[in-house]
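> Pasting a structure below so you can have a look.
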Protein chains: 6
Amino acid sequence: MSQMEQMRADVLTAALPYIQKYSGKVVVVKYGGNAMINPRLKQAVMNDIVLLAQVGVKVVLVHGGGPEISATLKAMGIESQFVDGLRRTDLDTMRVVQMVLAGKTNKDLVGLIGVCGGRAMGLCGIDGKMILCDKRPDYEKLGYVGDIVSVDPRPILDALERGYIPVIATVGIDQHGAAYNINADTAASEIAATLSAENLITLTDIRGLMKNIDDVTSLIPKVTLDEVEGLISEGIISGGMIPKAHSCVDAIKKGVRKAVMIDGRVPHSILIEMLSDEGIGTMFTV
Amino acid sequence: MSQMEQMRADVLTAALPYIQKYSGKVVVVKYGGNAMINPRLKQAVMNDIVLLAQVGVKVVLVHGGGPEISATLKAMGIESQFVDGLRRTDLDTMRVVQMVLAGKTNKDLVGLIGVCGGRAMGLCGIDGKMILCDKRPDYEKLGYVGDIVSVDPRPILDALERGYIPVIATVGIDQHGAAYNINADTAASEIAATLSAENLITLTDIRGLMKNIDDVTSLIPKVTLDEVEGLISEGIISGGMIPKAHSCVDAIKKGVRKAVMIDGRVPHSILIEMLSDEGIGTMFTV
Amino acid sequence: MSQMEQMRADVLTAALPYIQKYSGKVVVVKYGGNAMINPRLKQAVMNDIVLLAQVGVKVVLVHGGGPEISATLKAMGIESQFVDGLRRTDLDTMRVVQMVLAGKTNKDLVGLIGVCGGRAMGLCGIDGKMILCDKRPDYEKLGYVGDIVSVDPRPILDALERGYIPVIATVGIDQHGAAYNINADTAASEIAATLSAENLITLTDIRGLMKNIDDVTSLIPKVTLDEVEGLISEGIISGGMIPKAHSCVDAIKKGVRKAVMIDGRVPHSILIEMLSDEGIGTMFTV
Amino acid sequence: MSQMEQMRADVLTAALPYIQKYSGKVVVVKYGGNAMINPRLKQAVMNDIVLLAQVGVKVVLVHGGGPEISATLKAMGIESQFVDGLRRTDLDTMRVVQMVLAGKTNKDLVGLIGVCGGRAMGLCGIDGKMILCDKRPDYEKLGYVGDIVSVDPRPILDALERGYIPVIATVGIDQHGAAYNINADTAASEIAATLSAENLITLTDIRGLMKNIDDVTSLIPKVTLDEVEGLISEGIISGGMIPKAHSCVDAIKKGVRKAVMIDGRVPHSILIEMLSDEGIGTMFTV
Amino acid sequence: MSQMEQMRADVLTAALPYIQKYSGKVVVVKYGGNAMINPRLKQAVMNDIVLLAQVGVKVVLVHGGGPEISATLKAMGIESQFVDGLRRTDLDTMRVVQMVLAGKTNKDLVGLIGVCGGRAMGLCGIDGKMILCDKRPDYEKLGYVGDIVSVDPRPILDALERGYIPVIATVGIDQHGAAYNINADTAASEIAATLSAENLITLTDIRGLMKNIDDVTSLIPKVTLDEVEGLISEGIISGGMIPKAHSCVDAIKKGVRKAVMIDGRVPHSILIEMLSDEGIGTMFTV
Amino acid sequence: MSQMEQMRADVLTAALPYIQKYSGKVVVVKYGGNAMINPRLKQAVMNDIVLLAQVGVKVVLVHGGGPEISATLKAMGIESQFVDGLRRTDLDTMRVVQMVLAGKTNKDLVGLIGVCGGRAMGLCGIDGKMILCDKRPDYEKLGYVGDIVSVDPRPILDALERGYIPVIATVGIDQHGAAYNINADTAASEIAATLSAENLITLTDIRGLMKNIDDVTSLIPKVTLDEVEGLISEGIISGGMIPKAHSCVDAIKKGVRKAVMIDGRVPHSILIEMLSDEGIGTMFTV
């Protein structure tokens with residue numbers, strides 16, 4: 001009997017209480033950033049997702065598109081424009097966004113999960129009119145960037161009940177059938193809220209919230225809702241982290257148990273977060 | 001009481017026996033050609049699909065992509081090459097095929113069905129590893145054009161049981177997770193066979209098989225399997241109609257009750273085919 | 001392709017939104033009058049019922065007996081007596097009423113539905129003690145004419161869930177097992193209320209409520225509950241229409257969404273009512 | 001503690017093994033003769049039926065009409081004619097047969113079962129097209145006396161599964177919707193066969209088959225199929241007993257475990273038959 | 001037809017209303033005393049239990065151990081000590097208590113039920129952590145005698161739904177996994193309360209509560225909760241009857257419909273109690 | 001991020017394919033020997049069982065009693081006698097065997113599983129008459145040592161379906177209700193066969209079959225059914241290993257996929273066996 005095998009058994013045994021804790025619960029993973037670009041990280045995330053589903057967690061994977069959209073737009077000679085950090089989405093752009101998100105990124109993830117031995121179903125907000133959107137007040141400026149009106153949980157629950165891992169591209173639809181680009185962090189937050197998720201895990205390209213960005217020991221492990229606005233005024237939450245923080249706050253306010261931002265650059269950071277009491281990254285709670 | 005209303009009631013009453021005949025049965029519609037390009041025809045097809053689903057038929061919509069793929073390839077500066085009538089599909093081309101089929105055409109159809117008051121779920125062969133493919137012997141020449149190894153009916157049945165109209169983009173996946181372009185007629189035929197469909201309806205841009213292409217009265221309403229090869233040698237079935245005819249023949253051989261080629265250029269040709277004893281177009285049977 | 005077929009397809013397409021609106025909802029049809037005597041109208045009503053059931057409406061058919069009871073009583077030498085418009089029902093009369101309603105009229109309707117390709121189950125208030133009655137205060141005068149105490153919806157729901165069209169003869173039973181003659185309009189109203197029906201459709205031998213009985217353009221399409229007593233004092237609702245109007249009012253008060261009186265002398269008036277926004281006849285609402 | 005109570009407990013205890021034996025099994029009771037006329041016997045039969053249903057037996061009650069039909073025909077001035085022991089049934093007669101059987105006898109039994117605390121559903125062969133009939137070769141002579149083509153067990157099983165005691169009036173229907181008078185013994189036999197009943201119990205007005213009709217000790221407790229024709233030639237089975245014996249034989253041949261003829265004139269003869277090893281009356285077996 | 005058989009049928013018929021009354025209801029039987037020692041009584045109790053289960057009552061059998069525990073302790077040379085009427089239960093004693101209750105008494109009863117044709121499942125409070133206990137304040141004195149914290153009804157309901165008679169040995173478990181001896185009357189009361197039982201039947205070695213212990217006619221048939229404390233002060237409820245009375249009172253307070261103490265020395269006293277309106281023994285009610 | 005956490009994630013990831021392989025499959029663990037005596041090993045086995053159940057394996061734990069039986073017999077002054085390696089089991093001995101196995105060992109294991117966060121149900125062959133036995137031919141010599149006649153899988157499947165881990169004490173019952181001591185290896189083998197288990201894992205106190213008992217490198221990893229008798233003649237399988245080997249052989253012959261003997265003295269040997277391709281110990285296959 002090798003020591004290696006004993007060690008493996010010990011690790012599995014140590015994981016049991018954490019597995020039991022999440023068994024039968026919904027966990028929404030917002031997937032993006034480096035973890036979506038680096039093939040090794042991508043593989044590790046898919047493995048984590050399949051493992052969690054296998055041990056009884058109801059994992060829902062929500063993703064945006066990122067670089068593939070820009071690359072495709074560029075290849076098609078459509079100029080990418082950003083207004084206040086949001087992509088200006090005219091009808092031509094929206095066609096590409098939908099095509100890349102729902103047809104490329106989404107189905108590629110479904111395929112990868114299949115390779116890991118899982119069974120996934122790739123959906124977007126158009127399927128079963130799942131994510132109902134509306135124009136934003138700044139429609140003239142931004143075009144087809146939608147505000148979420150409501151999320152119908154049935155297509156997700158149907159997939160979970162039939163044993164599929166739902167993989168959701170964040171494209172929405174309005175009542176007239178027009179497709180909209182929607183912010184993936186917001187979508188993940190709304191989906192987690194609708195499903196009363198136990199946990200909303202957002203993969204980012206940072207370690208978590210840091211008091212001092214240059215000091216790795218200054219990670220803030222836990223933030224309560226009350227503290228968020230203060231951290232924004234102090235500049236500790238800034239730039240692109242502000243909407244991500246707000247998505248976490250919104251999820252918690254709507255009944256999600258906890259929302260964590262973890263470092264997607266660390267292989268298996270999802271498993272690490274879910275299988276240790278302290279967790280990694282920064283956790284938002286009531 | 002207007003005469004119009006009486007007439008409407010009479011029409012509905014006359015439709016009853018046909019509705020009863022198909023109630024609870026699976027009907028696979030292979031959607032393509034003009035009916036997929038002309039917006040008015042497109043709308044009519046979606047209405048027919050939603051109506052059939054509403055009155056108890058288990059409709060499955062299978063579609064290819066056609067012009068949108070070529071347009072996107074062109075816009076992205078990727079050259080379209082055809083070998084023996086089949087698209088040469090290198091990896092870059094395959095990416096576009098998947099993106100357009102599964103992300104654009106598919107979700108647009110799902111959205112249209114939603115506008116008609118139906119609930120659709122857009123799937124492709126990658127979802128739940130539904131359409132398992134393999135390389136073709138002429139892989140060197142054609143690239144990612146796949147032969148279907150098997151169809152897993154569960155994702156389709158799951159969707160039907162939960163009340164969705166399954167809309168299926170004909171992209172397949174091999175056991176290593178690679179995506180493949182698959183012929184939509186073949187895919188529809190295999191899907192119909194796997195589901196033991198009552199009817200496989202293929203929308204075409206012709207009236208049906210014609211003895212004399214210039215004589216509208218020479219439509220062949222019914223062809224038995226035995227007659228097909230003869231019609232090919234006579235040249236009555238020729239060109240692009242040959243693989244379509246073979247798909248119909250294969251479906252029948254594998255247990256589908258009947259397979260019909262109908263004129264997709266006629267509005268509501270699906271309803272007309274299903275709601276009259278004589279049918280329209282050409283029917284293949286044992 | 002004949003124009004006729006196109007027209008048929010258009011009519012079916014136009015019917016879709018109405019079908020969707022009633023899909024899965026309970027609609028109670030109170031059947032009586034001319035539509036029950038004229039064989040052609042009878043056939044049309046049964047066709048409408050079967051069609052509605054086929055497209056997903058949960059139709060419940062409630063009927064009285066009318067002329068068949070009188071004819072049988074006469075044939076058996078039992079004198080028909082009416083007190084305040086209600087049949088004086090001694091024990092001998094009650095035996096005939098039950099026999100005709102539950103054994104003749106009811107099963108004939110069940111048989112006709114079968115001929116139209118539907119599956120019906122013929123029940124009366126005695127089955128499963130469905131319609132529990134009590135003696136009326138004027139028992140001495142009227143005999144076995146019952147007041148409904150309660151309706152047990154289970155036998156009806158059981159039939160609907162198993163895919164039968166429930167056809168209900170309005171015979172009730174008291175707690176000692178005695179059978180009672182009950183007013184069919186009242187019974188339909190109580191059944192619709194117990195089932196929280198979407199619609200209670202009463203077939204009558206008039207066009208609807210008319211301001212001026214001689215002026216076909218004076219039909220009152222819509223009446224609110226508040227207006228009913230006024231219309232009675234004005235004499236616009238009078239005679240046999242008064243209890244019918246009260247049944248509609250009671251149904252609405254107990255939660256039925258709408259109650260309509262339509263002209264049973266018009267073939268397919270049920271379909272016409274259900275498949276146009278304006279409807280026909282007179283609708284009672286809150 | 002009274003001796004009476006001890007005795008009651010002992011009796012119940014003694015009944016246990018018999019109850020266990022029939023638990024969950026289908027038992028068809030063909031009800032007719034004196035037990036259907038004498039009110040005290042009628043009450044006892046209904047009690048037995050309800051008790052058996054309560055302890056887990058799936059009882060199905062099949063009945064003809066007998067004297068009530070003749071009385072009603074007479075009251076209506078329709079002459080009763082018999083040809084070879086079968087009622088000549090013209091259309092007028094058939095109307096009365098259906099009316100009395102399905103509307104009077106049937107619903108009265110349903111009501112009586114309700115009074116005993118049971119829940120019954122009164123059906124006839126028209127409901128759900130349960131008993132499909134055809135004209136007999138001697139149609140010209142006998143009119144609407146039908147031969148059973150097939151029995152659809154679903155309406156009976158639906159009722160049993162929902163907890164109702166099915167009470168079945170032996171009226172059949174042909175494929176054109178015409179109602180037929182059918183022999184109740186034959187109907188019970190066919191129903192028992194279709195349901196693979198454990199037991200077909202026929203209530204008669206005799207003790208059972210007797211070697212010597214005047215010697216009460218000459219009861220034949222058990223007859224095998226092989227012996228029946230012999231007993232007919234010997235005259236031991238004669239007259240009206242011949243078709244009854246044939247019904248029993250047919251049931252056994254089609255898979256019913258045993259068929260017994262018992263004396264309906266003895267109160268609770270059903271319970272006695274089912275709760276003692278020896279049984280009463282005459283049992284037919286393979 | 002023997003008179004005996006008629007009498008048997010009459011008894012069964014008379015039992016029907018009582019059987020209907022308890023059909024589908026939970027009845028908890030606390031089994032102990034002489035009925036557990038005398039083999040003939042034991043057999044009669046098991047027969048009653050199987051009969052009740054067969055006719056549709058959801059019987060739950062709860063038992064302590066009594067003489068077998070003392071005998072085994074004695075055989076193993078472990079001294080039995082009692083403090084305030086409760087067994088002092090050190091770890092060694094507890095091992096024997098568990099072993100005898102859950103392994104001997106329990107499985108013997110399960111076996112006996114099997115011999116009577118029933119299907120039983122033998123459980124104790126350790127199974128599925130069904131009976132959660134805690135140390136008592138007087139733990140130092142009494143050792144492993146537990147107070148019930150909560151009863152998880154699922155293992156009992158699972159057994160009932162699958163058609164088993166649950167037989168429950170009154171051993172509890174604390175959150176650290178330690179086993180506890182628990183009072184069987186209290187356990188039966190808590191189980192009855194958790195299951196919202198219709199009836200809690202406690203078998204005792206007395207006729208019931210007696211005003212004058214020497215006067216058999218002084219049985220108190222019915223006691224309301226208000227009267228209990230008075231009866232205790234008067235000494236009518238005394239000694240070992242006090243905790244039993246309190247268990248009955250607690251059950252009633254927590255929603256059990258009635259609680260009766262009956263004489264376990266009378267064969268079939270359970271059936272007698274359940275099959276007569278007056279009952280036997282003493283009934284506690286609100 | 002500590003290296004430890006990365007390593008843990010890697011181990012879990014590596015376990016995924018093995019978990020997927022056994023997901024939804026039945027694995028029977030025959031528990032005995034040192035692993036049942038040493039508290040640390042016992043704890044490790046229970047953890048393994050709970051972990052396997054949590055990740056989707058249908059684990060069934062079958063155990064004998066061993067030292068606790070002898071100790072209790074000794075404490076009660078009952079002499080242990082062995083005939084041909086089997087315990088002579090007179091009635092007094094059988095009482096102790098049942099009591100210890102079903103009441104002590106069994107419920108202790110159930111309690112331990114509960115402490116690990118699992119939900120177990122402790123059963124023996126008496127429950128639901130699960131393990132039906134018969135006297136052996138050498139009954140005179142051995143007493144209540146039974147031969148298994150049949151295993152009813154329902155109680156085990158019922159427990160698995162309701163989410164319990166079935167823990168089974170190897171006591172059997174004959175048709176007269178008498179309890180029997182049955183060999184635990186045989187019982188595990190029969191249970192595995194009845195459940196068509198994927199794997200029968202027997203915990204032993206040796207490394208597996210060894211060519212040379214003194215040479216740790218001489219472990220035989222795999223034995224086919226054909227080789228077993230040869231290994232017995234060579235003396236490589238000898239003594240107490242012979243019946244264990246025969247139990248494995250019987251299981252395989254009756255359809256179990258594989259049967260392995262593993263070293264119960266190694267902590268987590270069950271996990272190690274199930275989570276590596278090579279396995280540990282000796283595997284029996286076709």
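Going by the structure tokens order, chains are called A, B, ..., each with residues numbered from 1, while ligands are numbered from 1 in the order shown.
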Compile the contact shell of range 84-86 of chain C as number ranges by chain: residues with an atom at most 9 Å away, counting only C-alpha atoms, same-chain residues fewer than 3 positions apart removed.
C: 81, 89, 142, 145, 183, 240
> With N, CA and C atoms retained, write the just-selected residues as a tab-separated table (two decimals), in the first residue's frame.

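Written file, out-v4.tsv:
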chain	number	residue	atom	x	y	z
C	81	GLN	N	-96.24	18.01	-13.29
C	81	GLN	CA	-96.81	19.20	-12.66
C	81	GLN	C	-95.69	20.20	-12.42
C	89	THR	N	-91.74	17.01	-8.05
C	89	THR	CA	-91.03	15.75	-8.23
C	89	THR	C	-91.32	14.78	-7.09
C	142	LEU	N	-92.79	20.72	-3.54
C	142	LEU	CA	-91.99	20.35	-4.72
C	142	LEU	C	-91.45	18.93	-4.70
C	145	VAL	N	-86.93	17.98	-5.17
C	145	VAL	CA	-86.16	19.00	-5.87
C	145	VAL	C	-85.15	19.51	-4.84
C	183	ASN	N	-81.67	21.85	-10.33
C	183	ASN	CA	-81.67	22.75	-11.46
C	183	ASN	C	-80.32	22.71	-12.15
C	240	GLY	N	-87.74	33.04	-17.56
C	240	GLY	CA	-86.76	31.96	-17.37
C	240	GLY	C	-85.33	32.46	-17.39
> Leaving out range 46-54 of chain E and any residue of its chain fewer than 5 positions from it, which residues lie within 7 Å of it when counting only C-alpha atoms, given as a list in words?
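Non-adjacent residues within range: Thr13, Leu16 and Val55 of chain D; Val59, Leu112, Ile113, Cys116, Gly118, His268, Ile270 and Leu271 of chain E.
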> With C-alpha atoms retained, export the selected residues as an mmCIF file, in the first residue's frame.

data_model
loop_
_atom_site.group_PDB
_atom_site.id
_atom_site.type_symbol
_atom_site.label_atom_id
_atom_site.label_comp_id
_atom_site.auth_asym_id
_atom_site.auth_seq_id
_atom_site.Cartn_x
_atom_site.Cartn_y
_atom_site.Cartn_z
ATOM 1 C CA THR D 13 -58.815 -12.743 13.573
ATOM 2 C CA LEU D 16 -57.275 -12.404 8.424
ATOM 3 C CA VAL D 55 -59.842 -4.444 3.333
ATOM 4 C CA VAL E 59 -50.217 0.827 12.894
ATOM 5 C CA LEU E 112 -43.981 -12.991 14.904
ATOM 6 C CA ILE E 113 -45.655 -10.443 12.643
ATOM 7 C CA CYS E 116 -49.019 -13.844 10.947
ATOM 8 C CA GLY E 118 -47.588 -9.282 7.933
ATOM 9 C CA HIS E 268 -57.586 -9.012 21.324
ATOM 10 C CA ILE E 270 -56.791 -3.786 20.746
ATOM 11 C CA LEU E 271 -59.425 -4.965 18.269
#
> Please provide as a VMD selection string all residues within 8 Å of Gly64 in chain A, with the sequence filter that same-chain residues fewer than 2 positions apart are discarded (counting only C-alpha atoms).
chain A and resid 31 to 32 62 66 101 169 to 170 183 to 184
> How would the residues just chosen look if you wrote them out with all heavy atoms as a compact mmCIF listing (two decimals), in the first residue's frame?

# COMPACT_ATOMS: atom_id res chain seq x y z
N TYR A 31 -18.46 32.53 -14.28
CA TYR A 31 -17.19 32.15 -14.90
C TYR A 31 -16.74 33.25 -15.84
O TYR A 31 -17.53 33.72 -16.67
CB TYR A 31 -17.43 30.84 -15.64
CG TYR A 31 -16.27 30.22 -16.35
CD1 TYR A 31 -15.06 30.03 -15.71
CD2 TYR A 31 -16.40 29.79 -17.66
CE1 TYR A 31 -14.00 29.42 -16.38
CE2 TYR A 31 -15.37 29.17 -18.34
CZ TYR A 31 -14.16 29.00 -17.68
OH TYR A 31 -13.12 28.40 -18.34
N GLY A 32 -15.47 33.67 -15.73
CA GLY A 32 -14.96 34.72 -16.61
C GLY A 32 -13.48 34.94 -16.36
O GLY A 32 -12.84 34.20 -15.60
N VAL A 62 -22.63 30.13 -15.13
CA VAL A 62 -23.06 31.32 -15.87
C VAL A 62 -21.82 31.98 -16.44
O VAL A 62 -20.84 32.18 -15.72
CB VAL A 62 -23.80 32.30 -14.93
CG1 VAL A 62 -24.20 33.57 -15.68
CG2 VAL A 62 -25.03 31.63 -14.32
N GLY A 66 -16.36 37.79 -23.28
CA GLY A 66 -15.03 38.40 -23.24
C GLY A 66 -14.31 38.42 -24.56
O GLY A 66 -14.88 38.83 -25.59
N LEU A 101 -21.56 34.17 -27.85
CA LEU A 101 -21.88 33.73 -26.48
C LEU A 101 -22.66 32.42 -26.49
O LEU A 101 -22.28 31.46 -25.81
CB LEU A 101 -22.74 34.78 -25.77
CG LEU A 101 -22.03 35.91 -25.05
CD1 LEU A 101 -23.06 36.80 -24.36
CD2 LEU A 101 -21.08 35.34 -23.99
N ALA A 169 -25.48 31.14 -21.13
CA ALA A 169 -24.90 32.31 -21.78
C ALA A 169 -25.79 33.51 -21.48
O ALA A 169 -27.01 33.43 -21.59
CB ALA A 169 -24.81 32.09 -23.29
N THR A 170 -25.16 34.63 -21.13
CA THR A 170 -25.94 35.77 -20.64
C THR A 170 -26.44 36.65 -21.78
O THR A 170 -26.03 37.80 -21.94
CB THR A 170 -25.09 36.56 -19.64
OG1 THR A 170 -23.82 36.84 -20.25
CG2 THR A 170 -24.88 35.77 -18.38
N ASN A 183 -25.12 42.13 -18.70
CA ASN A 183 -23.91 41.98 -17.89
C ASN A 183 -23.92 40.62 -17.20
O ASN A 183 -24.90 40.24 -16.56
CB ASN A 183 -23.88 43.11 -16.85
CG ASN A 183 -22.64 43.03 -15.99
OD1 ASN A 183 -22.62 42.29 -15.02
ND2 ASN A 183 -21.59 43.73 -16.40
N ALA A 184 -22.83 39.91 -17.33
CA ALA A 184 -22.79 38.53 -16.83
C ALA A 184 -22.79 38.47 -15.31
O ALA A 184 -23.38 37.56 -14.72
CB ALA A 184 -21.56 37.80 -17.39
> Env of Leu275 in chain E: 7 Å cut, atoms = only C-alpha atoms, seq-sep filter 3 positions within chain, self excluded. Answer as a PDB file with N, CA and C atoms, in the first residue's frame.

ATOM      1  N   ALA E  15     -68.223  -4.716  11.791  1.00  0.00           N
ATOM      2  CA  ALA E  15     -66.922  -4.058  12.008  1.00  0.00           C
ATOM      3  C   ALA E  15     -66.654  -2.959  10.990  1.00  0.00           C
ATOM      4  N   TYR E  18     -66.281   0.831  11.835  1.00  0.00           N
ATOM      5  CA  TYR E  18     -65.100   1.128  12.654  1.00  0.00           C
ATOM      6  C   TYR E  18     -63.841   1.096  11.798  1.00  0.00           C
ATOM      7  N   LEU E 271     -58.288  -4.916  19.208  1.00  0.00           N
ATOM      8  CA  LEU E 271     -59.425  -4.965  18.269  1.00  0.00           C
ATOM      9  C   LEU E 271     -60.707  -4.528  18.950  1.00  0.00           C
ATOM     10  N   ILE E 272     -60.903  -5.004  20.187  1.00  0.00           N
ATOM     11  CA  ILE E 272     -62.130  -4.664  20.906  1.00  0.00           C
ATOM     12  C   ILE E 272     -62.219  -3.158  21.109  1.00  0.00           C
TER      13      ILE E 272
END
> Counting only C-alpha atoms, which residues in chain F sit no more than 6 Å from chain E? For each one, give the nearest pair of atoms and the distance in Å, sorted by chain then residue number, as a tab-separated table.

residue	atom	partner	partner_atom	distance
F:Ala75	CA	E:Met76	CA	5.0
F:Met76	CA	E:Met76	CA	4.6
F:Met99	CA	E:Gly103	CA	4.1
F:Val100	CA	E:Met99	CA	5.8
F:Ala102	CA	E:Gly103	CA	4.5
F:Gly103	CA	E:Gly103	CA	3.3
F:Lys104	CA	E:Met99	CA	4.8
F:Gly111	CA	E:Gly177	CA	5.5
F:Val115	CA	E:Gly177	CA	5.8
F:Arg119	CA	E:Gly128	CA	5.0
F:Ala120	CA	E:Gly128	CA	5.3
F:Met121	CA	E:Asp127	CA	4.9
F:Ile126	CA	E:Gly111	CA	5.9
F:Asp127	CA	E:Met121	CA	4.9
F:Gly128	CA	E:Arg119	CA	5.0
F:Gly177	CA	E:Gly111	CA	5.6
> Rounded to one decimal place, report the CA of Gly24 in chain C-CA of Pro267 in chain B distance in Å.
28.8 Å
> Write out as a PyMOL selection string each polymer residue whose atoms come within 8 Å of Val27 in chain F, counting only C-alpha atoms; drop sequence neighbours fewer than 3 positions from it.
chain F and resi 57-60+192+197-201
> Among range 10-208 of chain B, which residues carry a DSSP assignment of strand (DSSP E), reported as a VMD selection string?
chain B and resid 26 to 31 58 to 63 82 to 83 86 to 87 120 to 124 131 to 135 146 to 151 165 to 169 171 to 173 179 to 181 199 to 204
> If you run DSSP on this backbone, which residues of range 56-229 of chain E come out as helix (DSSP H, G or I), and could you give them as a PyMOL selection string?
chain E and resi 67-75+91-115+127-129+139-142+154-161+184-194+216-218+225-229
> Using only C-alpha atoms, pick whichever of A:Gly33, A:Leu132, A:Ser218, A:Ala44 has the shortest atom-to-atom distance to Glu68 in chain A.
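Nearest to Glu68 in chain A: A:Gly33.
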> Between CA of Leu225 in chain E and CA of Asp250 in chain E, what is the spacing in Å?
9.3 Å
> In terms of the shortest atom-to-atom distance over only C-alpha atoms, which of B:Thr202, B:Ser247, B:Ser238, B:Ser233 is closest to Glu273 in chain B?
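Closest candidate: B:Thr202.
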> Hey, what's within 9 Å of Ala35 in chain D if we count only C-alpha atoms and toss same-chain stuff fewer than 3 positions away? As a ChimeraX atom specification, please?
/D:31-32,38-45,203-205,263-267
> Find the residues around Gly208 in chain E up to 9 Å (only C-alpha atoms counted), leave out those fewer than 3 positions away in its own chain, and share them as a list in words.
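My reading of the contact set: Thr204, Asp205, Leu219, Ile220, Pro221, Val260, Met261, Ile262, Asp263, Ile280, Gly281, Thr282 and Met283 of chain E.
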> Take the residues from that selection and put them in a file with N, CA and C atoms, as an mmCIF file, in the first residue's frame.

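Once everything was written out, this is out-v1.cif:
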data_model
loop_
_atom_site.group_PDB
_atom_site.id
_atom_site.type_symbol
_atom_site.label_atom_id
_atom_site.label_comp_id
_atom_site.auth_asym_id
_atom_site.auth_seq_id
_atom_site.Cartn_x
_atom_site.Cartn_y
_atom_site.Cartn_z
ATOM 1 N N THR E 204 -51.878 -2.141 29.241
ATOM 2 C CA THR E 204 -51.451 -2.187 30.651
ATOM 3 C C THR E 204 -51.891 -3.510 31.268
ATOM 4 N N ASP E 205 -51.561 -3.673 32.549
ATOM 5 C CA ASP E 205 -51.973 -4.894 33.245
ATOM 6 C C ASP E 205 -53.135 -4.632 34.187
ATOM 7 N N LEU E 219 -64.909 1.176 36.868
ATOM 8 C CA LEU E 219 -64.008 1.637 35.796
ATOM 9 C C LEU E 219 -64.393 3.035 35.323
ATOM 10 N N ILE E 220 -63.407 3.879 35.154
ATOM 11 C CA ILE E 220 -63.655 5.238 34.630
ATOM 12 C C ILE E 220 -63.421 5.192 33.128
ATOM 13 N N PRO E 221 -64.475 5.285 32.338
ATOM 14 C CA PRO E 221 -64.305 5.073 30.900
ATOM 15 C C PRO E 221 -63.633 6.252 30.196
ATOM 16 N N VAL E 260 -55.788 5.884 24.879
ATOM 17 C CA VAL E 260 -56.517 4.955 25.748
ATOM 18 C C VAL E 260 -55.571 3.984 26.423
ATOM 19 N N MET E 261 -55.893 3.690 27.679
ATOM 20 C CA MET E 261 -55.187 2.630 28.414
ATOM 21 C C MET E 261 -56.113 1.438 28.429
ATOM 22 N N ILE E 262 -55.652 0.324 27.889
ATOM 23 C CA ILE E 262 -56.545 -0.838 27.871
ATOM 24 C C ILE E 262 -55.867 -2.028 28.531
ATOM 25 N N ASP E 263 -56.671 -3.009 28.811
ATOM 26 C CA ASP E 263 -56.195 -4.171 29.566
ATOM 27 C C ASP E 263 -55.520 -5.163 28.621
ATOM 28 N N ILE E 280 -62.954 0.053 25.476
ATOM 29 C CA ILE E 280 -62.740 -0.590 26.774
ATOM 30 C C ILE E 280 -61.675 0.234 27.464
ATOM 31 N N GLY E 281 -61.420 -0.031 28.718
ATOM 32 C CA GLY E 281 -60.395 0.703 29.441
ATOM 33 C C GLY E 281 -60.775 2.155 29.616
ATOM 34 N N THR E 282 -59.758 2.992 29.761
ATOM 35 C CA THR E 282 -59.983 4.410 30.049
ATOM 36 C C THR E 282 -59.417 5.254 28.918
ATOM 37 N N MET E 283 -60.270 6.146 28.422
ATOM 38 C CA MET E 283 -59.859 7.022 27.333
ATOM 39 C C MET E 283 -59.562 8.420 27.835
#
